[in-house]
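> A single structure is presented below for examination.
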Amino acid sequence: MEVRVRFAPSPTGFLHIGGVRTALFNWLFARHEGGKFIVRIEDTDKQRSEKRFEEDVLKNLEWLGLASDEPIVRQSERLDIYERTLKKLFEEKRVYFCFCSTEELEAEYEAQLSQGLVPKYSGKCRALSPAAAAEKLRANPGVVRFKMAEKTVAFTDMIRGKVEFNTGLFGDIIIAKGMREPLYNFASVVDDADMGITHVIRGEEHLSNTPKQMMLQEALGLPTPRYAHLPLILGPDKKKLSKRFLTNSINDYRSQGYLPSALLNFLVLLGWHPTDNREVLTVPEMVEAFSIKRVQKAGAIYNPEKLDWMNSMHIRAMDEKALAEHLASFVPEHWAGDRERLTRAIALVKDRMKNLADFRKEVGFIFELADYKPSMLVWKQATSEKTAERLEHARALLAGDKGSAFPSEGTEAALMQYANEEGRGDVLWPLRVALSGQEASPGPVELLRVLGKRESDTRIGEAIGKLRTEL
RNA sequence: GGCCCUAUCGUCUAGUGGUAGGACAACGCCCUUUCACGGCGUAAACAGGGGUUCAAUUCCCCUUGGGGCUACCA
């Protein structure tokens with residue numbers, strides 16, 4: 001039988017890190033098994049669902065490469081189906097209308113609690129005759145309750161093994177607010193069956209929903225898919241992932257210059273890893289090695305430092321051309337247009353970038369030299385005068401370069417020889433600062449290579465000018 | 001409170017009935033004109049208590065810690 005899984009977000013907020021991980025595990029499972037991954041939008045809560053959130057979720061899944069294999073399913077477009085199913089449940093007397101007010105219910109729960117009892121719905125409205133219910137319906141919309149049988153329900157979670165619940169503790173749960181307003185547990189069960197979902201992989205917060213859904217499946221004569229409940233991602237404070245991270249949309253990671261593959265790689269390692277010790281994996285490698293049975297049982301803490309490291313590893317693994325594409329939205333247009341220089345700049349800093357946004361601040365000076373103080377050119381105990389002389393010497397050396405690739409091997413050797421004679425810091429430091437205008441940067445020879453002969457000469461000339469006017 | 005899940009370095013984790021390994025982060029050294037990168041190294045963990053056993057981090061129980069659920073949210 002074909003494996004079919006789904007990712008079922010409710011569009012009540014931007015797509016966040018936790019959602020992506022759930023989507024990823026579903027997607028990997030589907031790909032590994034050669035099955036289908038389907039996105040279902042759970043927008044039954046009209047108050048909280050917003051179209052812009054749905055768009056955000058879909059757009060970001062696409063960016064991450066986790067798009068749905070089949071057309072998106074929207075619960076808001078399936079109200080007829082839920083209504084029909086609900087009618088059937090009414091006919092079979094598996095459900096009933098309840099008209100108890102929130103105040104009544106609260107009072108009931110308090111009373112139960114004070115007697116040391118487990119608070120649950122008393123089942124009061126079960127006794128209402130269909131006629132009485134119809135009468136009340138005229139003034140009060142009511143809610144639909146499911147007659148929960150009291151029994152022990154057991155299932156085998158693919159990650160946790162056997163899990164047991166006593167459904168008697170739940171009471172008669174509300175499954176819809178009216179004939180056309182289904183609630184989560186009900187809509188989810190109907191859709192999973194309709195969509196032919198074979199495996200439900202979701203967050204651990206749904207573990208106790210599973211027995212409720214199984215009871216619903218039983219009442220509707222629907223098959224029970226296999227379940228896997230993923231451990232939750234915890235915040236750095238070892239508590240449930242805080243608002244600070246949950247409200248962070250994937251958009252933020254995207255604009256900070258994280259690569260999709262790095263984000264996915266980081267997330268997959270939160271609760272799973274391959275049998276060997278590999279940590280840096282391409283997406284195809286993840287698919288190949290993935291196994292739901294190897295998923296960890298305990299929650300994992302979100303560690304942003306490791307994400308940075310992972311991103312730098314993925315940046316390094318990417319070739320310069322592909323990186324240039326990704327960089328396009330992170331640099332000014334005229335930089336992106338100067339493809340030749342952009343590629344050389346990328347080669348220069350690829351190994352030192354943690355994210356794509358770093359690129360601009362790491363090598364911006366290649367495109368636009370910022371103003372700097374002449375004193376920055378002077379190495380340790382050297383004088384401005386001496387520094388200017390050394391720069392002039394170096395400049396003359398470079399000007400004599402006749403090779404096709406600048407700087408030629410001979411020029412480089414001559415420069416290094418001069419540096420060794422004068423003191424490496426005394427020559428190399430001012431040269432590097434003259435070329436970069438920065439306290440910290442890649443080395444002078446690398447910079448010469450990226451800037452080219454003419455631009456290098458201009459910059460060294462400027463540096464000498466700065467030193468001379470200061471004297 | 002009740003139900004359920006869970007427990008190895010700060011973090012992600014490997015692992016086995018008999019020296020607890022890797023990665024991130026930290027620290028140190030090397031490389032080096034600078035900053036990174038890189039290389040080498042250091043520190044760092046089996047939550048506690050009972051069992052079972054010649055022997056328990058590993059198997060069992062309890063406690064404790066952490067988490068989830070306990071909605072007319074999903």
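Each chain of the structure tokens is named A, B, ... in the order shown, its residues numbered from 1; ligands are numbered from 1 in display order.
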Kindly provide, as a list in words, the residues of chain B having any atom no farther than 9 Å from an atom of chain A, counting only C-alpha atoms (C1' of nucleotides).

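Result, ordered by chain then number: G1, G2, C3, C4, C5, U6, A7, U11, C12, U13, A14, G22, A23, C24, A25, U33, U34, C35, A36, C37, G66, G67, G68, C69, U70, C72, C73 and A74 of chain B.
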
> If we count only C-alpha atoms (C1' of nucleotides) and set the cut-off at 12 Å, which residues sit around A:Met318, ignoring sequence neighbours fewer than 3 positions away in its own chain? Please answer as a ChimeraX atom specification.

/A:259,261-262,282,311-315,321-327,346-347,350-351

> Could you tell me how far atom CA of A:Arg40 lies from atom CA of A:Glu91, in Å and to one decimal?

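According to the coordinates, atom CA of A:Arg40 and atom CA of A:Glu91 are separated by 28.7 Å.
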
> DSSP says helix (DSSP H, G or I) for which residues of stretch 299-410 of chain A? Put them as a compact mmCIF listing (two decimals) with N, CA, C and O atoms, in the first residue's frame?


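The resulting file, out-v7.txt, is shown below:
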```
# COMPACT_ATOMS: atom_id res chain seq x y z
N PRO A 304 20.61 27.82 18.68
CA PRO A 304 20.88 28.67 17.52
C PRO A 304 22.34 28.63 17.06
O PRO A 304 22.61 28.81 15.87
N GLU A 305 23.28 28.39 17.97
CA GLU A 305 24.69 28.35 17.57
C GLU A 305 24.97 27.22 16.59
O GLU A 305 25.75 27.34 15.66
N LYS A 306 24.33 26.10 16.85
CA LYS A 306 24.56 24.98 15.95
C LYS A 306 23.95 25.23 14.58
O LYS A 306 24.45 24.77 13.57
N LEU A 307 22.86 25.98 14.58
CA LEU A 307 22.24 26.36 13.30
C LEU A 307 23.23 27.19 12.49
O LEU A 307 23.40 26.99 11.29
N ASP A 308 23.90 28.14 13.15
CA ASP A 308 24.89 28.98 12.47
C ASP A 308 26.00 28.13 11.88
O ASP A 308 26.42 28.33 10.75
N TRP A 309 26.48 27.21 12.68
CA TRP A 309 27.55 26.33 12.20
C TRP A 309 27.06 25.52 11.01
O TRP A 309 27.75 25.39 9.99
N MET A 310 25.87 24.96 11.14
CA MET A 310 25.32 24.15 10.07
C MET A 310 25.19 24.97 8.79
O MET A 310 25.50 24.51 7.70
N ASN A 311 24.75 26.21 8.95
CA ASN A 311 24.59 27.07 7.78
C ASN A 311 25.95 27.31 7.11
O ASN A 311 26.07 27.27 5.89
N SER A 312 26.98 27.55 7.93
CA SER A 312 28.29 27.80 7.34
C SER A 312 28.79 26.56 6.60
O SER A 312 29.44 26.66 5.57
N MET A 313 28.47 25.38 7.11
CA MET A 313 28.88 24.15 6.44
C MET A 313 28.17 24.01 5.09
O MET A 313 28.77 23.57 4.11
N HIS A 314 26.91 24.39 5.05
CA HIS A 314 26.17 24.27 3.80
C HIS A 314 26.60 25.34 2.79
O HIS A 314 26.59 25.10 1.59
N ILE A 315 26.97 26.50 3.29
CA ILE A 315 27.47 27.56 2.40
C ILE A 315 28.76 27.09 1.75
O ILE A 315 28.97 27.24 0.55
N ARG A 316 29.62 26.48 2.54
CA ARG A 316 30.89 26.00 2.00
C ARG A 316 30.71 24.92 0.96
O ARG A 316 31.47 24.82 0.00
N ALA A 317 29.72 24.09 1.19
CA ALA A 317 29.52 22.95 0.29
C ALA A 317 28.94 23.40 -1.05
O ALA A 317 28.96 22.65 -2.02
N GLU A 320 30.31 28.25 -6.19
CA GLU A 320 30.22 29.70 -6.23
C GLU A 320 29.08 30.23 -7.09
O GLU A 320 28.49 31.26 -6.79
N LYS A 321 28.77 29.51 -8.12
CA LYS A 321 27.71 29.98 -9.01
C LYS A 321 26.36 29.92 -8.30
O LYS A 321 25.58 30.88 -8.33
N ALA A 322 26.10 28.81 -7.65
CA ALA A 322 24.83 28.66 -6.93
C ALA A 322 24.75 29.67 -5.80
O ALA A 322 23.69 30.24 -5.53
N LEU A 323 25.88 29.89 -5.16
CA LEU A 323 25.91 30.84 -4.06
C LEU A 323 25.60 32.25 -4.55
O LEU A 323 24.91 33.02 -3.88
N ALA A 324 26.11 32.57 -5.73
CA ALA A 324 25.85 33.89 -6.32
C ALA A 324 24.34 34.10 -6.50
O ALA A 324 23.82 35.18 -6.25
N GLU A 325 23.65 33.05 -6.91
CA GLU A 325 22.19 33.12 -7.06
C GLU A 325 21.52 33.46 -5.73
O GLU A 325 20.71 34.36 -5.62
N HIS A 326 21.90 32.71 -4.69
CA HIS A 326 21.31 32.92 -3.38
C HIS A 326 21.63 34.30 -2.82
O HIS A 326 20.88 34.86 -2.05
N LEU A 327 22.81 34.80 -3.22
CA LEU A 327 23.27 36.07 -2.68
C LEU A 327 22.57 37.27 -3.32
O LEU A 327 22.57 38.36 -2.76
N ALA A 328 21.99 37.04 -4.48
CA ALA A 328 21.43 38.14 -5.26
C ALA A 328 20.56 39.09 -4.43
O ALA A 328 20.66 40.30 -4.58
N SER A 329 19.72 38.53 -3.56
CA SER A 329 18.82 39.40 -2.80
C SER A 329 19.50 40.00 -1.56
O SER A 329 18.87 40.73 -0.80
N PHE A 330 20.76 39.68 -1.34
CA PHE A 330 21.44 40.19 -0.15
C PHE A 330 22.45 41.30 -0.47
O PHE A 330 23.09 41.82 0.42
N GLU A 333 22.15 45.91 -6.27
CA GLU A 333 22.01 45.43 -7.63
C GLU A 333 23.30 45.50 -8.44
O GLU A 333 23.63 44.58 -9.17
N HIS A 334 24.03 46.60 -8.29
CA HIS A 334 25.23 46.74 -9.12
C HIS A 334 26.33 45.75 -8.72
O HIS A 334 27.20 45.43 -9.51
N TRP A 335 26.26 45.24 -7.47
CA TRP A 335 27.21 44.19 -7.09
C TRP A 335 26.84 42.91 -7.82
O TRP A 335 27.68 42.22 -8.37
N ALA A 336 25.56 42.60 -7.76
CA ALA A 336 25.08 41.37 -8.38
C ALA A 336 25.36 41.40 -9.88
O ALA A 336 25.64 40.37 -10.49
N GLY A 337 25.28 42.59 -10.45
CA GLY A 337 25.52 42.73 -11.89
C GLY A 337 26.98 42.50 -12.26
O GLY A 337 27.29 41.99 -13.33
N ARG A 339 29.19 40.30 -12.11
CA ARG A 339 29.26 38.87 -11.85
C ARG A 339 30.69 38.36 -11.62
O ARG A 339 30.96 37.57 -10.74
N GLU A 340 31.58 38.85 -12.44
CA GLU A 340 32.99 38.45 -12.37
C GLU A 340 33.57 38.73 -10.98
O GLU A 340 34.11 37.86 -10.31
N ARG A 341 33.40 39.95 -10.54
CA ARG A 341 33.96 40.34 -9.25
C ARG A 341 33.21 39.67 -8.09
O ARG A 341 33.80 39.25 -7.09
N LEU A 342 31.89 39.53 -8.28
CA LEU A 342 31.08 38.89 -7.24
C LEU A 342 31.57 37.46 -7.00
O LEU A 342 31.74 37.03 -5.85
N THR A 343 31.82 36.74 -8.08
CA THR A 343 32.26 35.35 -7.95
C THR A 343 33.60 35.27 -7.22
O THR A 343 33.80 34.42 -6.37
N ARG A 344 34.50 36.22 -7.57
CA ARG A 344 35.80 36.19 -6.91
C ARG A 344 35.68 36.55 -5.42
O ARG A 344 36.36 35.99 -4.57
N ALA A 345 34.78 37.48 -5.14
CA ALA A 345 34.56 37.87 -3.75
C ALA A 345 33.99 36.70 -2.95
O ALA A 345 34.34 36.47 -1.80
N ILE A 346 33.12 35.94 -3.60
CA ILE A 346 32.52 34.78 -2.94
C ILE A 346 33.60 33.76 -2.58
O ILE A 346 33.67 33.27 -1.45
N ALA A 347 34.47 33.49 -3.55
CA ALA A 347 35.54 32.53 -3.31
C ALA A 347 36.37 32.97 -2.11
O ALA A 347 36.83 32.15 -1.31
N LEU A 348 36.53 34.27 -1.99
CA LEU A 348 37.35 34.83 -0.93
C LEU A 348 36.76 34.60 0.48
O LEU A 348 37.49 34.32 1.42
N VAL A 349 35.44 34.72 0.62
CA VAL A 349 34.86 34.67 1.97
C VAL A 349 33.93 33.49 2.23
O VAL A 349 33.35 33.38 3.31
N LYS A 350 33.84 32.62 1.26
CA LYS A 350 32.94 31.48 1.42
C LYS A 350 33.17 30.74 2.74
O LYS A 350 32.23 30.36 3.43
N ASP A 351 34.43 30.54 3.06
CA ASP A 351 34.78 29.75 4.24
C ASP A 351 34.63 30.51 5.55
O ASP A 351 34.87 29.96 6.62
N ARG A 352 34.31 31.79 5.50
CA ARG A 352 34.18 32.52 6.75
C ARG A 352 32.78 33.05 7.00
O ARG A 352 32.53 33.69 8.01
N LEU A 356 24.20 34.33 4.74
CA LEU A 356 24.34 35.11 3.51
C LEU A 356 24.41 36.61 3.78
O LEU A 356 25.02 37.35 3.03
N ALA A 357 23.78 37.03 4.87
CA ALA A 357 23.80 38.46 5.20
C ALA A 357 25.21 38.91 5.59
O ALA A 357 25.56 40.08 5.47
N ASP A 358 26.04 37.96 6.05
CA ASP A 358 27.42 38.27 6.40
C ASP A 358 28.22 38.78 5.21
O ASP A 358 29.15 39.55 5.36
N PHE A 359 27.87 38.28 4.05
CA PHE A 359 28.66 38.57 2.85
C PHE A 359 28.90 40.06 2.67
O PHE A 359 30.01 40.51 2.48
N ARG A 360 27.83 40.81 2.81
CA ARG A 360 27.91 42.24 2.57
C ARG A 360 28.86 42.91 3.54
O ARG A 360 29.66 43.77 3.16
N LYS A 361 28.82 42.53 4.80
CA LYS A 361 29.71 43.21 5.73
C LYS A 361 31.13 42.64 5.70
O LYS A 361 32.07 43.33 6.05
N GLU A 362 31.27 41.41 5.23
CA GLU A 362 32.61 40.83 5.13
C GLU A 362 33.41 41.40 3.97
O GLU A 362 34.61 41.64 4.09
N VAL A 363 32.77 41.57 2.83
CA VAL A 363 33.53 42.00 1.64
C VAL A 363 32.96 43.22 0.93
O VAL A 363 33.26 43.47 -0.23
N GLY A 364 32.16 43.97 1.64
CA GLY A 364 31.60 45.19 1.05
C GLY A 364 32.70 46.11 0.54
O GLY A 364 32.55 46.77 -0.48
N PHE A 365 33.84 46.11 1.22
CA PHE A 365 34.94 47.00 0.85
C PHE A 365 35.49 46.69 -0.54
O PHE A 365 36.15 47.53 -1.15
N ILE A 366 35.22 45.51 -1.04
CA ILE A 366 35.70 45.19 -2.38
C ILE A 366 34.97 46.05 -3.41
O ILE A 366 35.54 46.49 -4.40
N PHE A 367 33.71 46.29 -3.13
CA PHE A 367 32.90 47.07 -4.07
C PHE A 367 32.98 48.57 -3.77
O PHE A 367 32.97 49.39 -4.66
N PRO A 374 44.29 57.42 8.55
CA PRO A 374 45.64 57.08 8.10
C PRO A 374 46.41 56.28 9.15
O PRO A 374 47.21 55.41 8.81
N SER A 375 46.12 56.54 10.42
CA SER A 375 46.87 55.85 11.48
C SER A 375 46.64 54.34 11.46
O SER A 375 47.45 53.57 11.95
N MET A 376 45.53 53.95 10.86
CA MET A 376 45.23 52.51 10.80
C MET A 376 46.27 51.78 9.94
O MET A 376 46.52 50.59 10.12
N LEU A 377 46.88 52.51 9.02
CA LEU A 377 47.84 51.90 8.11
C LEU A 377 49.17 51.55 8.78
O LEU A 377 49.93 50.73 8.29
N SER A 384 54.66 56.91 10.12
CA SER A 384 53.88 57.19 8.92
C SER A 384 54.80 57.31 7.73
O SER A 384 54.52 56.79 6.64
N GLU A 385 55.88 57.99 7.93
CA GLU A 385 56.85 58.20 6.85
C GLU A 385 57.37 56.88 6.31
O GLU A 385 57.33 56.61 5.11
N LYS A 386 57.80 56.03 7.24
CA LYS A 386 58.36 54.73 6.87
C LYS A 386 57.29 53.87 6.18
O LYS A 386 57.57 53.18 5.20
N THR A 387 56.09 53.95 6.71
CA THR A 387 54.99 53.16 6.14
C THR A 387 54.70 53.60 4.71
O THR A 387 54.52 52.77 3.81
N ALA A 388 54.72 54.89 4.48
CA ALA A 388 54.47 55.42 3.14
C ALA A 388 55.55 54.94 2.17
O ALA A 388 55.26 54.54 1.04
N GLU A 389 56.77 54.92 2.64
CA GLU A 389 57.88 54.47 1.80
C GLU A 389 57.70 52.99 1.42
O GLU A 389 57.92 52.61 0.27
N ARG A 390 57.33 52.22 2.40
CA ARG A 390 57.16 50.78 2.14
C ARG A 390 56.01 50.53 1.17
O ARG A 390 56.08 49.66 0.30
N LEU A 391 54.96 51.31 1.33
CA LEU A 391 53.82 51.16 0.41
C LEU A 391 54.24 51.55 -1.01
O LEU A 391 53.82 50.92 -1.99
N GLU A 392 55.06 52.56 -1.08
CA GLU A 392 55.52 52.99 -2.41
C GLU A 392 56.36 51.90 -3.07
O GLU A 392 56.24 51.62 -4.26
N HIS A 393 57.20 51.30 -2.25
CA HIS A 393 58.03 50.21 -2.76
C HIS A 393 57.15 49.06 -3.27
O HIS A 393 57.37 48.55 -4.37
N ALA A 394 56.16 48.71 -2.46
CA ALA A 394 55.26 47.61 -2.83
C ALA A 394 54.49 47.99 -4.08
O ALA A 394 54.30 47.16 -4.99
N ARG A 395 54.07 49.22 -4.15
CA ARG A 395 53.30 49.69 -5.29
C ARG A 395 54.10 49.57 -6.58
O ARG A 395 53.60 49.14 -7.61
N ALA A 396 55.39 49.95 -6.48
CA ALA A 396 56.27 49.88 -7.64
C ALA A 396 56.45 48.43 -8.09
O ALA A 396 56.40 48.12 -9.28
N LEU A 397 56.61 47.56 -7.10
CA LEU A 397 56.74 46.13 -7.38
C LEU A 397 55.54 45.62 -8.18
O LEU A 397 55.68 44.90 -9.17
N LEU A 398 54.36 46.00 -7.71
CA LEU A 398 53.11 45.53 -8.33
C LEU A 398 52.92 46.15 -9.70
O LEU A 398 52.42 45.51 -10.63
N ALA A 399 53.32 47.39 -9.82
CA ALA A 399 53.15 48.10 -11.10
C ALA A 399 53.97 47.45 -12.20
O ALA A 399 53.62 47.50 -13.38
N GLU A 409 53.14 34.99 -10.21
CA GLU A 409 53.92 34.27 -9.19
C GLU A 409 55.20 35.03 -8.83
O GLU A 409 55.57 35.14 -7.67
N GLY A 410 55.83 35.57 -9.89
CA GLY A 410 57.07 36.30 -9.67
C GLY A 410 56.86 37.52 -8.80
O GLY A 410 57.62 37.78 -7.86
```

> Name the residues in contact with stretch 53-60 of chain B at a cut-off of 12 Å, using only C-alpha atoms (C1' of nucleotides), excluding same-chain residues fewer than 6 positions from it; report them as number ranges by chain.

B: 7-8, 15-18, 20, 45-47

> Would you mind telling me which residue in A:Lys354, A:Glu92, A:Met286, A:Met148 lies nearest to A:Gly257 when using only C-alpha atoms?

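For A:Gly257, the nearest of the candidates is A:Lys354.
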
> List every residue of stretch 106-355 of chain A that DSSP, applied to the backbone of this structure, places in strand (DSSP E or B), and write the result as a ChimeraX atom specification.

/A:143-146,152-157,161-166,174-176,182,199-203,226-230,233-234,240,300-301

> Write the residues you've just listed into a file as a PDB file, in the first residue's frame, and include C-alpha atoms for each of them.


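selection25.pdb written:
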```
ATOM      1  CA  VAL A 143     -22.672  22.297  20.331  1.00  0.00           C
ATOM      2  CA  VAL A 144     -22.374  18.694  19.213  1.00  0.00           C
ATOM      3  CA  ARG A 145     -21.032  16.213  21.720  1.00  0.00           C
ATOM      4  CA  PHE A 146     -19.743  12.737  20.993  1.00  0.00           C
ATOM      5  CA  THR A 152      -9.056   1.310  27.499  1.00  0.00           C
ATOM      6  CA  VAL A 153      -7.650   2.268  24.136  1.00  0.00           C
ATOM      7  CA  ALA A 154      -4.171   1.120  23.192  1.00  0.00           C
ATOM      8  CA  PHE A 155      -2.116   1.810  20.123  1.00  0.00           C
ATOM      9  CA  THR A 156       1.464   1.344  19.064  1.00  0.00           C
ATOM     10  CA  ASP A 157       3.213   4.610  18.434  1.00  0.00           C
ATOM     11  CA  GLY A 161       5.807   1.917  21.368  1.00  0.00           C
ATOM     12  CA  LYS A 162       2.619   0.887  23.168  1.00  0.00           C
ATOM     13  CA  VAL A 163       0.569   3.727  24.666  1.00  0.00           C
ATOM     14  CA  GLU A 164      -2.643   3.251  26.654  1.00  0.00           C
ATOM     15  CA  PHE A 165      -5.420   5.616  27.647  1.00  0.00           C
ATOM     16  CA  ASN A 166      -8.647   5.299  29.580  1.00  0.00           C
ATOM     17  CA  ILE A 174     -17.373  18.484  21.698  1.00  0.00           C
ATOM     18  CA  ILE A 175     -16.711  17.720  18.048  1.00  0.00           C
ATOM     19  CA  ALA A 176     -18.552  20.578  16.346  1.00  0.00           C
ATOM     20  CA  PRO A 182     -16.446  21.069  12.904  1.00  0.00           C
ATOM     21  CA  HIS A 199       0.649   7.436   8.739  1.00  0.00           C
ATOM     22  CA  VAL A 200       0.018  10.396  11.003  1.00  0.00           C
ATOM     23  CA  ILE A 201       3.266  12.014  12.104  1.00  0.00           C
ATOM     24  CA  ARG A 202       2.679  14.973  14.388  1.00  0.00           C
ATOM     25  CA  GLY A 203       3.876  16.711  17.527  1.00  0.00           C
ATOM     26  CA  ARG A 226      -0.436   4.393  12.171  1.00  0.00           C
ATOM     27  CA  TYR A 227       0.703   7.122  14.526  1.00  0.00           C
ATOM     28  CA  ALA A 228       4.065   8.658  15.354  1.00  0.00           C
ATOM     29  CA  HIS A 229       4.354  11.454  17.897  1.00  0.00           C
ATOM     30  CA  LEU A 230       7.436  13.591  17.546  1.00  0.00           C
ATOM     31  CA  ILE A 233      11.338  21.339  20.439  1.00  0.00           C
ATOM     32  CA  LEU A 234      12.175  23.176  23.655  1.00  0.00           C
ATOM     33  CA  LYS A 240       8.464  24.867  25.972  1.00  0.00           C
ATOM     34  CA  ALA A 300      15.226  18.600  22.128  1.00  0.00           C
ATOM     35  CA  ILE A 301      16.430  22.078  22.926  1.00  0.00           C
TER      36      ILE A 301
END
```

> Can you tell me, as a tab-separated table (two decimals) with C-alpha atoms, in the first residue's frame, what residues are no more than 8 Å from A:Arg21 when counting only C-alpha atoms (C1' of nucleotides), ignoring any on the same chain fewer than 6 positions away?


```tsv
chain	number	residue	atom	x	y	z
A	264	LEU	CA	16.40	21.37	7.26
A	267	LEU	CA	16.06	20.62	12.26
A	268	VAL	CA	16.34	16.98	11.31
```

> Using only C-alpha atoms (C1' of nucleotides), which residues sit within 9 Å of A:Pro130 once same-chain residues fewer than 3 positions away are excluded, as a ChimeraX atom specification?

/A:96-97,133-135

> Any chance you could export the current selection's N, CA and C atoms as a PDB file, in the first residue's frame?


```pdb
ATOM      1  N   TYR A  96     -24.926  14.080  20.250  1.00  0.00           N
ATOM      2  CA  TYR A  96     -26.139  14.789  20.682  1.00  0.00           C
ATOM      3  C   TYR A  96     -25.831  16.267  20.848  1.00  0.00           C
ATOM      4  N   PHE A  97     -26.885  17.060  20.820  1.00  0.00           N
ATOM      5  CA  PHE A  97     -26.700  18.497  21.025  1.00  0.00           C
ATOM      6  C   PHE A  97     -26.606  18.807  22.512  1.00  0.00           C
ATOM      7  N   ALA A 133     -34.497  18.920  21.920  1.00  0.00           N
ATOM      8  CA  ALA A 133     -33.277  19.500  21.368  1.00  0.00           C
ATOM      9  C   ALA A 133     -33.618  20.424  20.212  1.00  0.00           C
ATOM     10  N   ALA A 134     -34.505  19.976  19.339  1.00  0.00           N
ATOM     11  CA  ALA A 134     -34.911  20.776  18.189  1.00  0.00           C
ATOM     12  C   ALA A 134     -35.524  22.088  18.650  1.00  0.00           C
ATOM     13  N   GLU A 135     -36.287  22.012  19.712  1.00  0.00           N
ATOM     14  CA  GLU A 135     -36.934  23.195  20.278  1.00  0.00           C
ATOM     15  C   GLU A 135     -35.884  24.192  20.779  1.00  0.00           C
TER      16      GLU A 135
END
```

> Record the distance separating atom CA of A:Ala30 and atom CA of A:Asp194, expressed in Å with one decimal.

18.0 Å
